[in-house]
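Source file query17.pdb; content: PDB, C-alpha atoms.
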ATOM      1  CA  MET A   1     -11.936   5.937 -15.606
ATOM      2  CA  ILE A   2     -10.533   4.893 -18.954
ATOM      3  CA  ALA A   3     -12.683   4.682 -22.079
ATOM      4  CA  VAL A   4     -12.225   4.289 -25.821
ATOM      5  CA  PHE A   5     -14.110   5.628 -28.805
ATOM      6  CA  LEU A   6     -13.736   4.243 -32.316
ATOM      7  CA  ARG A   7     -13.872   6.630 -35.252
ATOM      8  CA  PRO A   8     -13.513   6.139 -39.017
ATOM      9  CA  HIS A   9     -10.153   6.990 -40.551
ATOM     10  CA  ASP A  10      -9.489  10.513 -41.739
ATOM     11  CA  LEU A  11      -6.409  11.979 -43.404
ATOM     12  CA  ALA A  12      -6.409  14.617 -40.662
ATOM     13  CA  TYR A  13      -5.215  11.873 -38.266
ATOM     14  CA  ALA A  14      -2.125  10.975 -40.331
ATOM     15  CA  GLU A  15       0.462  13.025 -38.440
ATOM     16  CA  ARG A  16      -0.604  11.753 -35.018
ATOM     17  CA  MET A  17      -0.839   8.159 -36.282
ATOM     18  CA  PHE A  18       2.621   8.397 -37.798
ATOM     19  CA  ALA A  19       4.067   9.866 -34.591
ATOM     20  CA  LEU A  20       2.732   6.895 -32.611
ATOM     21  CA  VAL A  21       3.594   4.190 -35.112
ATOM     22  CA  SER A  22       7.114   5.480 -35.783
ATOM     23  CA  ASP A  23       8.120   4.473 -32.244
ATOM     24  CA  PRO A  24      10.403   1.441 -32.830
ATOM     25  CA  ALA A  25       8.627  -0.478 -30.058
ATOM     26  CA  VAL A  26       5.392  -0.224 -32.059
ATOM     27  CA  SER A  27       6.652  -0.454 -35.637
ATOM     28  CA  GLY A  28       9.117  -3.246 -34.861
ATOM     29  CA  ALA A  29       6.498  -5.466 -33.270
ATOM     30  CA  LEU A  30       4.193  -5.026 -36.242
ATOM     31  CA  SER A  31       6.704  -4.660 -39.071
ATOM     32  CA  LEU A  32       4.874  -1.577 -40.293
ATOM     33  CA  GLN A  33       6.370   0.046 -43.345
ATOM     34  CA  ASP A  34       5.397   3.647 -42.590
ATOM     35  CA  GLN A  35       8.530   5.746 -43.057
ATOM     36  CA  SER A  36       6.754   9.077 -43.415
ATOM     37  CA  VAL A  37       3.446  10.852 -42.891
ATOM     38  CA  GLU A  38       2.812  10.271 -46.621
ATOM     39  CA  ASP A  39       3.076   6.502 -46.026
ATOM     40  CA  THR A  40       0.481   6.808 -43.262
ATOM     41  CA  LYS A  41      -1.779   8.794 -45.600
ATOM     42  CA  ARG A  42      -1.418   6.020 -48.196
ATOM     43  CA  PHE A  43      -2.456   3.506 -45.524
ATOM     44  CA  ILE A  44      -5.517   5.614 -44.637
ATOM     45  CA  ARG A  45      -6.563   5.845 -48.288
ATOM     46  CA  HIS A  46      -5.973   2.100 -48.754
ATOM     47  CA  ILE A  47      -7.904   1.005 -45.665
ATOM     48  CA  THR A  48     -10.761   3.375 -46.562
ATOM     49  CA  GLU A  49     -10.970   1.718 -49.979
ATOM     50  CA  GLU A  50     -10.814  -1.756 -48.375
ATOM     51  CA  GLU A  51     -13.766  -0.762 -46.205
ATOM     52  CA  ARG A  52     -15.746   0.536 -49.190
ATOM     53  CA  ALA A  53     -15.127  -2.821 -50.899
ATOM     54  CA  GLY A  54     -16.338  -4.710 -47.823
ATOM     55  CA  ARG A  55     -12.986  -6.358 -47.116
ATOM     56  CA  ALA A  56     -12.173  -4.458 -43.907
ATOM     57  CA  VAL A  57     -13.535  -2.311 -41.103
ATOM     58  CA  SER A  58     -10.834  -0.190 -39.545
ATOM     59  CA  ARG A  59     -11.221   2.353 -36.792
ATOM     60  CA  VAL A  60      -8.993   4.878 -35.115
ATOM     61  CA  VAL A  61      -8.970   4.472 -31.328
ATOM     62  CA  PHE A  62      -9.389   7.552 -29.121
ATOM     63  CA  ASN A  63      -9.251   7.572 -25.342
ATOM     64  CA  GLU A  64     -11.366   9.418 -22.764
ATOM     65  CA  LYS A  65      -9.177  12.529 -23.197
ATOM     66  CA  GLU A  66      -9.943  12.565 -26.946
ATOM     67  CA  GLU A  67      -6.334  11.535 -27.707
ATOM     68  CA  LEU A  68      -5.732   9.362 -30.753
ATOM     69  CA  ILE A  69      -4.026   6.300 -29.237
ATOM     70  CA  GLY A  70      -4.048   3.604 -31.942
ATOM     71  CA  VAL A  71      -5.867   1.652 -34.629
ATOM     72  CA  THR A  72      -7.962  -1.523 -34.655
ATOM     73  CA  THR A  73      -8.960  -3.317 -37.837
ATOM     74  CA  LEU A  74     -11.132  -6.196 -38.959
ATOM     75  CA  MET A  75      -9.469  -7.427 -42.145
ATOM     76  CA  PHE A  76      -9.769 -10.200 -44.713
ATOM     77  CA  ILE A  77     -13.516 -10.193 -44.105
ATOM     78  CA  ASP A  78     -15.096 -13.312 -45.595
ATOM     79  CA  ARG A  79     -18.849 -12.813 -45.403
ATOM     80  CA  GLU A  80     -19.598 -16.191 -46.959
ATOM     81  CA  ARG A  81     -17.634 -18.052 -44.278
ATOM     82  CA  ARG A  82     -18.562 -15.373 -41.692
ATOM     83  CA  ARG A  83     -15.023 -14.774 -40.472
ATOM     84  CA  CYS A  84     -12.161 -12.303 -40.531
ATOM     85  CA  HIS A  85      -8.879 -11.425 -38.830
ATOM     86  CA  ILE A  86      -8.208  -8.628 -36.365
ATOM     87  CA  GLY A  87      -5.160  -6.421 -36.118
ATOM     88  CA  SER A  88      -4.577  -3.660 -33.587
ATOM     89  CA  TRP A  89      -1.859  -1.403 -32.297
ATOM     90  CA  LEU A  90      -1.624   1.224 -29.603
ATOM     91  CA  GLY A  91       0.999   3.873 -29.009
ATOM     92  CA  ARG A  92       3.517   2.798 -26.381
ATOM     93  CA  ALA A  93       2.370   5.423 -23.846
ATOM     94  CA  TYR A  94      -1.021   3.653 -23.762
ATOM     95  CA  TRP A  95       0.204   0.099 -23.176
ATOM     96  CA  GLY A  96      -0.753  -1.724 -19.996
ATOM     97  CA  LYS A  97      -3.620   0.606 -19.087
ATOM     98  CA  GLY A  98      -6.598  -1.477 -20.283
ATOM     99  CA  TYR A  99      -7.197   0.330 -23.574
ATOM    100  CA  ASN A 100      -6.496  -2.784 -25.656
ATOM    101  CA  GLN A 101      -9.295  -4.741 -24.007
ATOM    102  CA  LEU A 102     -11.762  -1.877 -24.473
ATOM    103  CA  ALA A 103     -10.790  -1.381 -28.122
ATOM    104  CA  LYS A 104     -11.104  -5.119 -28.821
ATOM    105  CA  LYS A 105     -14.527  -5.217 -27.170
ATOM    106  CA  ALA A 106     -15.683  -2.282 -29.308
ATOM    107  CA  ILE A 107     -14.437  -3.647 -32.633
ATOM    108  CA  LEU A 108     -15.666  -7.175 -31.839
ATOM    109  CA  SER A 109     -19.100  -5.692 -31.167
ATOM    110  CA  ILE A 110     -18.997  -4.458 -34.769
ATOM    111  CA  ALA A 111     -17.802  -7.862 -36.033
ATOM    112  CA  PHE A 112     -20.455  -9.892 -34.257
ATOM    113  CA  GLY A 113     -23.255  -7.316 -34.123
ATOM    114  CA  GLU A 114     -23.143  -5.276 -37.315
ATOM    115  CA  LEU A 115     -21.301  -7.698 -39.611
ATOM    116  CA  ASP A 116     -22.899 -10.848 -38.128
ATOM    117  CA  LEU A 117     -19.632 -12.810 -38.264
ATOM    118  CA  ASP A 118     -19.083 -16.061 -36.355
ATOM    119  CA  ILE A 119     -15.347 -15.943 -35.726
ATOM    120  CA  VAL A 120     -12.567 -13.361 -35.640
ATOM    121  CA  PHE A 121      -9.018 -14.696 -35.757
ATOM    122  CA  ALA A 122      -6.222 -13.001 -33.840
ATOM    123  CA  GLY A 123      -2.720 -13.917 -34.845
ATOM    124  CA  ALA A 124       0.651 -12.952 -33.502
ATOM    125  CA  ARG A 125       4.197 -13.704 -34.456
ATOM    126  CA  THR A 126       5.735 -16.161 -32.018
ATOM    127  CA  THR A 127       8.384 -13.497 -31.351
ATOM    128  CA  ASN A 128       5.736 -10.894 -30.431
ATOM    129  CA  ILE A 129       5.252 -11.891 -26.798
ATOM    130  CA  ARG A 130       3.582  -8.583 -25.876
ATOM    131  CA  SER A 131       0.791  -9.137 -28.418
ATOM    132  CA  GLN A 132       0.306 -12.727 -27.302
ATOM    133  CA  LYS A 133       0.070 -11.678 -23.647
ATOM    134  CA  ALA A 134      -2.452  -8.949 -24.505
ATOM    135  CA  GLN A 135      -4.637 -11.472 -26.336
ATOM    136  CA  GLU A 136      -4.369 -14.003 -23.515
ATOM    137  CA  LYS A 137      -5.814 -11.455 -21.048
ATOM    138  CA  LEU A 138      -9.110 -11.297 -22.917
ATOM    139  CA  PRO A 139     -11.666 -13.522 -21.145
ATOM    140  CA  TYR A 140     -13.536 -14.428 -24.329
ATOM    141  CA  VAL A 141     -10.588 -15.630 -26.466
ATOM    142  CA  THR A 142      -9.912 -19.231 -27.483
ATOM    143  CA  LEU A 143      -6.163 -19.758 -27.472
ATOM    144  CA  HIS A 144      -4.097 -21.790 -29.930
ATOM    145  CA  VAL A 145      -6.618 -22.791 -32.576
ATOM    146  CA  GLU A 146      -3.882 -23.604 -35.113
ATOM    147  CA  SER A 147      -4.917 -27.271 -35.465
ATOM    148  CA  GLU A 148      -8.631 -26.417 -35.551
ATOM    149  CA  TYR A 149      -8.122 -23.904 -38.404
ATOM    150  CA  PRO A 150      -4.957 -25.010 -40.230
ATOM    151  CA  GLU A 151      -5.781 -23.063 -43.412
ATOM    152  CA  GLU A 152      -6.117 -19.796 -41.476
ATOM    153  CA  HIS A 153      -2.887 -20.490 -39.604
ATOM    154  CA  ALA A 154      -1.020 -21.261 -42.831
ATOM    155  CA  ALA A 155      -2.346 -18.091 -44.481
ATOM    156  CA  LEU A 156      -1.276 -16.023 -41.459
ATOM    157  CA  GLU A 157       2.246 -17.442 -41.482
ATOM    158  CA  GLN A 158       2.421 -16.888 -45.254
ATOM    159  CA  ARG A 159       1.498 -13.208 -44.816
ATOM    160  CA  GLN A 160       3.910 -12.720 -41.906
ATOM    161  CA  GLN A 161       6.705 -14.829 -43.423
ATOM    162  CA  GLN A 162       7.462 -16.309 -39.999
ATOM    163  CA  PRO A 163       5.991 -18.611 -37.342
ATOM    164  CA  CYS A 164       2.801 -17.371 -35.685
ATOM    165  CA  VAL A 165       0.242 -18.364 -33.095
ATOM    166  CA  LEU A 166      -3.454 -18.257 -33.927
ATOM    167  CA  HIS A 167      -6.192 -17.433 -31.442
ATOM    168  CA  ALA A 168      -9.910 -16.893 -32.066
ATOM    169  CA  PHE A 169     -12.780 -14.823 -30.807
ATOM    170  CA  LYS A 170     -15.956 -16.832 -31.291
ATOM    171  CA  ARG A 171     -19.333 -15.143 -31.485
ATOM    172  CA  ASP A 172     -21.032 -17.275 -28.796
ATOM    173  CA  ASP A 173     -18.173 -16.806 -26.319
ATOM    174  CA  PHE A 174     -18.148 -13.042 -26.836
ATOM    175  CA  LEU A 175     -21.913 -12.655 -26.540
ATOM    176  CA  ARG A 176     -21.945 -14.840 -23.400
ATOM    177  CA  TYR A 177     -19.222 -12.617 -21.910
ATOM    178  CA  LEU A 178     -21.254  -9.461 -22.666
ATOM    179  CA  ALA A 179     -24.409 -10.999 -21.159
ATOM    180  CA  GLU A 180     -22.526 -11.992 -17.985
ATOM    181  CA  LYS A 181     -21.070  -8.484 -17.628
ATOM    182  CA  GLU A 182     -24.525  -6.998 -18.066
ATOM    183  CA  ARG A 183     -26.043  -9.320 -15.440
ATOM    184  CA  ALA A 184     -23.187  -8.543 -13.057
ATOM    185  CA  ALA A 185     -23.725  -4.813 -13.583
ATOM    186  CA  ARG A 186     -27.384  -5.271 -12.621
ATOM    187  CA  GLY A 187     -26.303  -7.233  -9.538
ATOM    188  CA  GLU A 188     -27.694 -10.567 -10.742
ATOM    189  CA  ALA A 189     -26.029 -13.860  -9.910
ATOM    190  CA  VAL A 190     -23.818 -15.270 -12.645
ATOM    191  CA  ARG A 191     -23.860 -19.053 -13.038
ATOM    192  CA  ASP A 192     -21.189 -21.287 -14.499
TER     193      ASP A 192
END
Can the structure from this file be put into structure tokens for me?
Amino acid sequence: MIAVFLRPHDLAYAERMFALVSDPAVSGALSLQDQSVEDTKRFIRHITEEERAGRAVSRVVFNEKEELIGVTTLMFIDRERRRCHIGSWLGRAYWGKGYNQLAKKAILSIAFGELDLDIVFAGARTTNIRSQKAQEKLPYVTLHVESEYPEEHAALEQRQQQPCVLHAFKRDDFLRYLAEKERAARGEAVRD
């Protein structure tokens, strides 16, 4: 059975993170700039500082075998508006196994539980079909909210410098999903 565990960043993870992210299938989809382990260490120091400042919560994703398999991050946290954006990546060997859904569930539990946010935006470049498909598989996502949140969409496209789609994880939808899973696990009937 697969499982994920989220842990805070540590410089000790830099070599493994760099090995995973230097795969062109991963770095190309995300346009990551890491060209060396030192670049990855700079990222770790930066994201740790962003977390201290309250602008991000980033976690390293480990699987059930205690292997570091990726990173998931809540970024651009706006506590006043109770929203943020999510970004995640997994090493190619871990694609298509269900780890993405588990990692998203874990980090969204932090967003909606610990941070008390209302909405987490998930963007993807229109050319990044794999990321879009991964988001579409999540039962608690609202797809294509570009017209509902035009300022968030514009900011995303500005950061990415290319066309993007914008999806959203809304607090009520996520909590309803968790409650339904819990009822199902107890063998209770789930109503529409």
* To do: Please identify all polymer residues within 7 Å of region 69-84 of chain A, counting only C-alpha atoms, omitting same-chain residues fewer than 3 positions from it, and present them as a PyMOL selection string.
  => chain A and resi 55-63+87-91+94+117-121
* Which distance in Å separates CA of Gly98 (chain A) and CA of Phe169 (chain A), to one decimal? ->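 Between these atoms lies a distance of 18.1 Å.
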* Which residues match the PyMOL selection byres ((chain A and resi 136-148) around 6) in the file above, as number ranges by chain? -> A: 133-135, 149-150, 153, 166-169, 173-174
* **Nearest-residue call for Glu67 (chain A), choices A:Leu115, A:Ile107, A:Ala3, A:Ala185, using all atoms listed in the file** => A:Ala3
Given the PyMOL selection byres ((chain A and resi 10) around 9) and the file above, list the residues it selects as a PDB file with C-alpha atoms, in the coordinates of the input.
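Result written to expr15.pdb:
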ATOM      1  CA  ARG A   7     -13.872   6.630 -35.252  1.00  0.00           C
ATOM      2  CA  PRO A   8     -13.513   6.139 -39.017  1.00  0.00           C
ATOM      3  CA  HIS A   9     -10.153   6.990 -40.551  1.00  0.00           C
ATOM      4  CA  LEU A  11      -6.409  11.979 -43.404  1.00  0.00           C
ATOM      5  CA  ALA A  12      -6.409  14.617 -40.662  1.00  0.00           C
ATOM      6  CA  TYR A  13      -5.215  11.873 -38.266  1.00  0.00           C
ATOM      7  CA  ALA A  14      -2.125  10.975 -40.331  1.00  0.00           C
ATOM      8  CA  LYS A  41      -1.779   8.794 -45.600  1.00  0.00           C
ATOM      9  CA  ILE A  44      -5.517   5.614 -44.637  1.00  0.00           C
ATOM     10  CA  ARG A  45      -6.563   5.845 -48.288  1.00  0.00           C
ATOM     11  CA  THR A  48     -10.761   3.375 -46.562  1.00  0.00           C
ATOM     12  CA  VAL A  60      -8.993   4.878 -35.115  1.00  0.00           C
TER      13      VAL A  60
END
* Which one is closest to Ile86 (chain A): A:Ala122, A:Leu68, A:Phe112, A:Leu178? Count all atoms listed in the file. ->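 Of A:Ala122, A:Leu68, A:Phe112, A:Leu178, the one nearest Ile86 (chain A) is A:Ala122, counting all atoms listed in the file.
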